[in-house]
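Q: One structure, as structure tokens, below. Some questions next.
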Amino acid sequence: MGIVPVRCFTCGSVIGDKWEEFKRRVKAGEDPEKVLDDLGVKRYCCRSMLISHVEVIDDILEYFVVKGRVKRE
Amino acid sequence: MKIEILEKEGEDKLSFVVRGISPQFANSIRRAMIAEVPVMAIDDVYIIENTSVMYDEVLAHRLGLIPLKTDLDSYVLPEECECKSETGCSRCSAILVLDVEGTGEGVTTVYSGDLKPHESNPDVKPVSDKIPIVKLAPGQRIRLEAYARLGTGKKHAKWSPVTRCVYKYYPVVEVDESRCDGCGICVDVCHRDVFEVRDGKAYVKNQLRCDLCGECVSRCPHDALKAEWEKNSLIFFVETTGALPAWRVVVEAFRVLAKKCEIFLSQLGELGVV
């Protein structure tokens, strides 16, 4: 997926707003299982949404950030 | 019929036991909750400018999926509104505006909180302010006007007020103490954590968690277990997207059903049957 889905594909509860905290805390070395529990993401459908997500849009946007910098220079 | 609240977690989650209800009736309520109770969602999006990496239709789709706080008392379904106009009037549609430009050196994330309700409908706003909609590089810009309307889940899942909305049989788990020798197999085998062993006997500690899979009954070497259900008793679990409080979804589902019955009866009346 390009950017984190707004809702869980299976049950439809909102998970998009939990992604940034999830990513930040897991990157800081916390156990993903604990972070998901903390965030109140209970069902395994919603949990899989966050665990398996790769934010591809960040990779794409790098090109546009560089493009803008080159243009300004 | 007897109703007993089991658990209430905030406004959004509710579970309750209903005694004296048939599964057929329970199912019609469940289906009404999922597909017939109206909530607000963004429907039409007028995109004025979009230089982001996301296509217009993907953007509009993401906007549609953002649950909006719904005031069911002040809005009506567009098909039931007197205005009959395409864009709708103040009774049947609400406007939200998004206008964000990528600034600085890095990436700007556009959040649902950036969706600003029009001054004529200040209360129609996203349930959460932190849902990422799109990300912008410096100079990229999004300007759009979104029209939110009431709708029902049978037309599109974005208009469904609930996420998890299910019922199950009321489980009754019994241990025959004269047969049980406390071997603990049921504790190991149960994936719902129903049993515990105390003083050489198995006890039921979480009866309502049981989902009646029957694994404990078939694996018990002493034939000491019974897992059955109470006839005509069901446990409901209702969890909403946040657009409406859970209790309101249940109430509205009953209203929808009552309205349908009224229509049915009046039709019969017209035919001269009643």
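For the structure tokens, the naming scheme is as follows: chains receive sequential letters (A, B, ...) according to their order of presentation, residues are indexed from 1 within each chain, and ligands are indexed from 1 in presentation order.
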Which residues are near Phe64 in chain A? Cut-off 10 Å, only C-alpha atoms, ignore same chain within fewer than 2 positions. Put them as an MDAnalysis selection string.
A: (chainID A and resid 59:62 66:70) or (chainID B and resid 52:53 106:107 136:140)
Q: When you look at Lys201 in chain B with a cut-off of 9 Å (counting only C-alpha atoms), what residues show up, excluding the ones that are within fewer than 3 positions of it in the same chain? I need them as an NGL selection string.
A: :B and (175 or 177 or 180-184 or 196-198)
Q: Quick one: write out the picked residues with N, CA and C atoms as a JSON list (two decimals), in the first residue's frame?
A:
[["chain", "number", "residue", "atom", "x", "y", "z"],
["B", 175, "VAL", "N", -18.80, -28.40, 34.74],
["B", 175, "VAL", "CA", -17.85, -29.46, 35.07],
["B", 175, "VAL", "C", -18.52, -30.40, 36.06],
["B", 177, "GLU", "N", -18.12, -32.49, 38.86],
["B", 177, "GLU", "CA", -17.04, -32.61, 39.85],
["B", 177, "GLU", "C", -16.76, -34.05, 40.27],
["B", 180, "CYS", "N", -14.38, -35.25, 37.40],
["B", 180, "CYS", "CA", -13.14, -34.50, 37.13],
["B", 180, "CYS", "C", -12.04, -34.89, 38.11],
["B", 181, "ASP", "N", -10.82, -35.13, 37.58],
["B", 181, "ASP", "CA", -9.71, -35.40, 38.48],
["B", 181, "ASP", "C", -8.65, -34.30, 38.41],
["B", 182, "GLY", "N", -8.98, -33.20, 37.78],
["B", 182, "GLY", "CA", -8.07, -32.05, 37.75],
["B", 182, "GLY", "C", -6.86, -32.23, 36.88],
["B", 183, "CYS", "N", -7.00, -33.02, 35.81],
["B", 183, "CYS", "CA", -5.83, -33.29, 34.96],
["B", 183, "CYS", "C", -5.38, -32.04, 34.21],
["B", 184, "GLY", "N", -6.28, -31.08, 33.97],
["B", 184, "GLY", "CA", -5.88, -29.80, 33.37],
["B", 184, "GLY", "C", -5.82, -29.80, 31.86],
["B", 196, "GLU", "N", -10.00, -23.08, 34.89],
["B", 196, "GLU", "CA", -8.81, -23.06, 35.73],
["B", 196, "GLU", "C", -8.88, -24.27, 36.64],
["B", 197, "VAL", "N", -7.70, -24.70, 37.12],
["B", 197, "VAL", "CA", -7.68, -25.84, 38.04],
["B", 197, "VAL", "C", -7.33, -25.34, 39.43],
["B", 198, "ARG", "N", -8.21, -25.64, 40.37],
["B", 198, "ARG", "CA", -8.00, -25.26, 41.78],
["B", 198, "ARG", "C", -8.20, -26.49, 42.64]]
Q: Determine the nearest neighbour of chain A from the options B:Leu72, B:Ile185, B:Leu65, B:Leu96, counting only C-alpha atoms.
A: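 For chain A, the nearest of the given residues is B:Leu65.
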Q: With only C-alpha atoms as the counted atoms, please give the residues lying no more than 10 Å from Lys23 in chain A, apart from itself and same-chain residues fewer than 2 positions off, as an MDAnalysis selection string.
A: chainID A and resid 18:21 25:28 30 32 35 50:51 53
Q: For CA of Glu252 in chain B and CA of Gly113 in chain B, determine how far apart the two atoms are, in Å to one decimal place.
A: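 CA of Glu252 in chain B sits 28.0 Å away from CA of Gly113 in chain B.
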Q: Kindly determine which residues of chain A lie within 7 Å of chain B, considering only C-alpha atoms, and give the answer as an NGL selection string.
A: :A and (6 or 11-14 or 16-17 or 61 or 64-65 or 68)
Q: How would you write, as an mmCIF file with C-alpha atoms, in the first residue's frame, the set of residues in range 8-82 of chain B that DSSP gives as strand (DSSP E or B)?
A:
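Below is the file result_9.cif, written as the result:
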data_model
loop_
_atom_site.group_PDB
_atom_site.id
_atom_site.type_symbol
_atom_site.label_atom_id
_atom_site.label_comp_id
_atom_site.auth_asym_id
_atom_site.auth_seq_id
_atom_site.Cartn_x
_atom_site.Cartn_y
_atom_site.Cartn_z
ATOM 1 C CA LYS B 8 -19.576 -0.695 28.177
ATOM 2 C CA GLU B 9 -16.230 0.587 27.010
ATOM 3 C CA LYS B 13 -18.284 -0.360 22.539
ATOM 4 C CA LEU B 14 -21.228 -2.150 24.027
ATOM 5 C CA SER B 15 -22.055 -5.745 24.794
ATOM 6 C CA PHE B 16 -25.294 -7.025 26.216
ATOM 7 C CA VAL B 17 -27.200 -10.228 26.879
ATOM 8 C CA VAL B 18 -30.711 -10.612 25.556
ATOM 9 C CA ARG B 19 -32.854 -13.383 26.989
ATOM 10 C CA VAL B 39 -24.455 7.840 9.290
ATOM 11 C CA MET B 40 -22.580 10.719 7.661
ATOM 12 C CA ALA B 41 -19.781 10.103 5.198
ATOM 13 C CA ILE B 42 -18.126 12.161 2.514
ATOM 14 C CA ASP B 43 -19.855 11.378 -0.750
ATOM 15 C CA ASP B 44 -19.062 13.909 -3.483
ATOM 16 C CA VAL B 45 -15.647 15.524 -3.662
ATOM 17 C CA TYR B 46 -14.976 18.548 -5.859
ATOM 18 C CA ILE B 47 -11.257 18.631 -6.447
ATOM 19 C CA ILE B 48 -10.042 22.105 -7.320
ATOM 20 C CA GLU B 49 -6.350 21.333 -7.218
ATOM 21 C CA ASN B 50 -4.416 18.145 -6.629
ATOM 22 C CA LEU B 68 -17.679 11.706 10.625
#
Q: Please compute the CA of Asn206 in chain B-CA of Asn27 in chain B distance, one decimal, in Å.
A: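 It comes out at 25.2 Å.
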Q: Could you give me, as JSON, numbers by chain, each residue of chain A that DSSP assigns to helix (DSSP H, G or I) when run on this structure's backbone?
A: {"A": [16, 17, 18, 19, 20, 21, 22, 23, 24, 25, 26, 27, 32, 33, 34, 35, 36, 37, 38, 39, 44, 45, 46, 47, 48, 49, 50, 51, 56, 57, 58, 59, 60, 61, 62, 63, 64, 65, 66, 67, 68, 69, 70, 71, 72]}
Q: Could you take the residues named above and write them with C-alpha atoms, as a PDB file, in the first residue's frame?
A:
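This is the output file selection27.pdb:
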ATOM      1  CA  GLY A  16      -4.975   4.957  10.132  1.00  0.00           C
ATOM      2  CA  ASP A  17      -4.705   7.267  13.122  1.00  0.00           C
ATOM      3  CA  LYS A  18      -2.712   4.671  15.053  1.00  0.00           C
ATOM      4  CA  TRP A  19      -0.042   4.077  12.442  1.00  0.00           C
ATOM      5  CA  GLU A  20       2.322   6.934  13.280  1.00  0.00           C
ATOM      6  CA  GLU A  21       2.485   6.130  16.965  1.00  0.00           C
ATOM      7  CA  PHE A  22       2.860   2.424  16.171  1.00  0.00           C
ATOM      8  CA  LYS A  23       5.741   3.089  13.784  1.00  0.00           C
ATOM      9  CA  ARG A  24       7.477   5.519  16.115  1.00  0.00           C
ATOM     10  CA  ARG A  25       7.335   3.239  19.116  1.00  0.00           C
ATOM     11  CA  VAL A  26       8.334   0.073  17.270  1.00  0.00           C
ATOM     12  CA  LYS A  27      11.253   1.925  15.708  1.00  0.00           C
ATOM     13  CA  PRO A  32       4.999  -4.506  18.539  1.00  0.00           C
ATOM     14  CA  GLU A  33       2.636  -6.768  20.477  1.00  0.00           C
ATOM     15  CA  LYS A  34       2.714  -4.457  23.473  1.00  0.00           C
ATOM     16  CA  VAL A  35       2.309  -1.322  21.356  1.00  0.00           C
ATOM     17  CA  LEU A  36      -0.765  -2.758  19.641  1.00  0.00           C
ATOM     18  CA  ASP A  37      -2.269  -3.667  23.015  1.00  0.00           C
ATOM     19  CA  ASP A  38      -1.575  -0.143  24.260  1.00  0.00           C
ATOM     20  CA  LEU A  39      -3.214   1.382  21.217  1.00  0.00           C
ATOM     21  CA  TYR A  44      -6.024  -9.808  14.645  1.00  0.00           C
ATOM     22  CA  CYS A  45      -7.494  -8.316  11.454  1.00  0.00           C
ATOM     23  CA  CYS A  46      -6.670  -4.786  12.612  1.00  0.00           C
ATOM     24  CA  ARG A  47      -3.327  -5.880  14.086  1.00  0.00           C
ATOM     25  CA  SER A  48      -2.239  -7.398  10.784  1.00  0.00           C
ATOM     26  CA  MET A  49      -3.056  -4.111   9.028  1.00  0.00           C
ATOM     27  CA  LEU A  50      -0.461  -2.240  11.085  1.00  0.00           C
ATOM     28  CA  ILE A  51       2.125  -5.014  11.354  1.00  0.00           C
ATOM     29  CA  VAL A  56       5.757   3.252   0.140  1.00  0.00           C
ATOM     30  CA  ILE A  57       4.642   6.857  -0.373  1.00  0.00           C
ATOM     31  CA  ASP A  58       7.677   7.983   1.654  1.00  0.00           C
ATOM     32  CA  ASP A  59       9.994   6.401  -0.919  1.00  0.00           C
ATOM     33  CA  ILE A  60       8.131   8.012  -3.806  1.00  0.00           C
ATOM     34  CA  LEU A  61       8.050  11.426  -2.169  1.00  0.00           C
ATOM     35  CA  GLU A  62      11.832  11.436  -1.779  1.00  0.00           C
ATOM     36  CA  TYR A  63      12.082  12.010  -5.534  1.00  0.00           C
ATOM     37  CA  PHE A  64       9.730  14.978  -5.346  1.00  0.00           C
ATOM     38  CA  VAL A  65      11.546  16.485  -2.368  1.00  0.00           C
ATOM     39  CA  VAL A  66      14.851  16.266  -4.257  1.00  0.00           C
ATOM     40  CA  LYS A  67      13.209  17.554  -7.449  1.00  0.00           C
ATOM     41  CA  GLY A  68      11.942  20.621  -5.597  1.00  0.00           C
ATOM     42  CA  ARG A  69      15.377  21.261  -4.075  1.00  0.00           C
ATOM     43  CA  VAL A  70      17.118  21.008  -7.463  1.00  0.00           C
ATOM     44  CA  LYS A  71      14.548  23.343  -8.989  1.00  0.00           C
ATOM     45  CA  ARG A  72      15.110  25.968  -6.309  1.00  0.00           C
TER      46      ARG A  72
END
Q: Which residues are close to Glu55 in chain A, i.e. within 10 Å by only C-alpha atoms, leaving aside same-chain residues fewer than 6 positions away? Reply as a VMD selection string.
A: chain A and resid 1 to 5 19
Q: For the residues selected in the previous step, produce a file with N, CA and C atoms as an mmCIF file, in the first residue's frame.
A:
data_model
loop_
_atom_site.group_PDB
_atom_site.id
_atom_site.type_symbol
_atom_site.label_atom_id
_atom_site.label_comp_id
_atom_site.auth_asym_id
_atom_site.auth_seq_id
_atom_site.Cartn_x
_atom_site.Cartn_y
_atom_site.Cartn_z
ATOM 1 N N MET A 1 0.835 -1.203 0.000
ATOM 2 C CA MET A 1 0.000 0.000 0.000
ATOM 3 C C MET A 1 0.867 1.249 0.000
ATOM 4 N N GLY A 2 0.405 2.261 -0.698
ATOM 5 C CA GLY A 2 1.150 3.506 -0.769
ATOM 6 C C GLY A 2 1.208 4.217 0.562
ATOM 7 N N ILE A 3 0.057 4.390 1.150
ATOM 8 C CA ILE A 3 -0.042 5.090 2.432
ATOM 9 C C ILE A 3 -0.946 4.261 3.337
ATOM 10 N N VAL A 4 -0.814 4.453 4.615
ATOM 11 C CA VAL A 4 -1.539 3.575 5.552
ATOM 12 C C VAL A 4 -3.054 3.634 5.296
ATOM 13 N N PRO A 5 -3.719 2.477 5.198
ATOM 14 C CA PRO A 5 -5.162 2.475 4.959
ATOM 15 C C PRO A 5 -5.914 3.195 6.088
ATOM 16 N N TRP A 19 -1.246 4.503 13.140
ATOM 17 C CA TRP A 19 -0.042 4.077 12.442
ATOM 18 C C TRP A 19 1.203 4.822 12.906
#
Q: For each of B:Glu262, B:Asp71, B:Glu145, B:Glu82, take the minimum atom-to-atom distance to Asn121 in chain B, counting only C-alpha atoms, then give the residue where this is smallest.
A: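 The answer is B:Asp71, which sits nearest to Asn121 in chain B.
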Q: With only C-alpha atoms as the atoms that count, which of B:Ala202, B:Met1, B:Leu6, B:Ala32 lies nearest to Val250 in chain B?
A: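 Checking each candidate against Val250 in chain B, we get B:Ala32 as the closest.
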Q: What's the separation between CA of Trp229 in chain B and CA of Arg31 in chain B, in Å to one decimal place?
A: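 Taking CA of Trp229 in chain B as the start and CA of Arg31 in chain B as the end point, the length is 22.6 Å.
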Q: Go through B:Ser218, B:Ser93, B:Gln207, B:Thr70 and flag the residue nearest Val189 in chain B, using only C-alpha atoms for the distances.
A: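 Result for the nearest residue to Val189 in chain B: B:Ser218.
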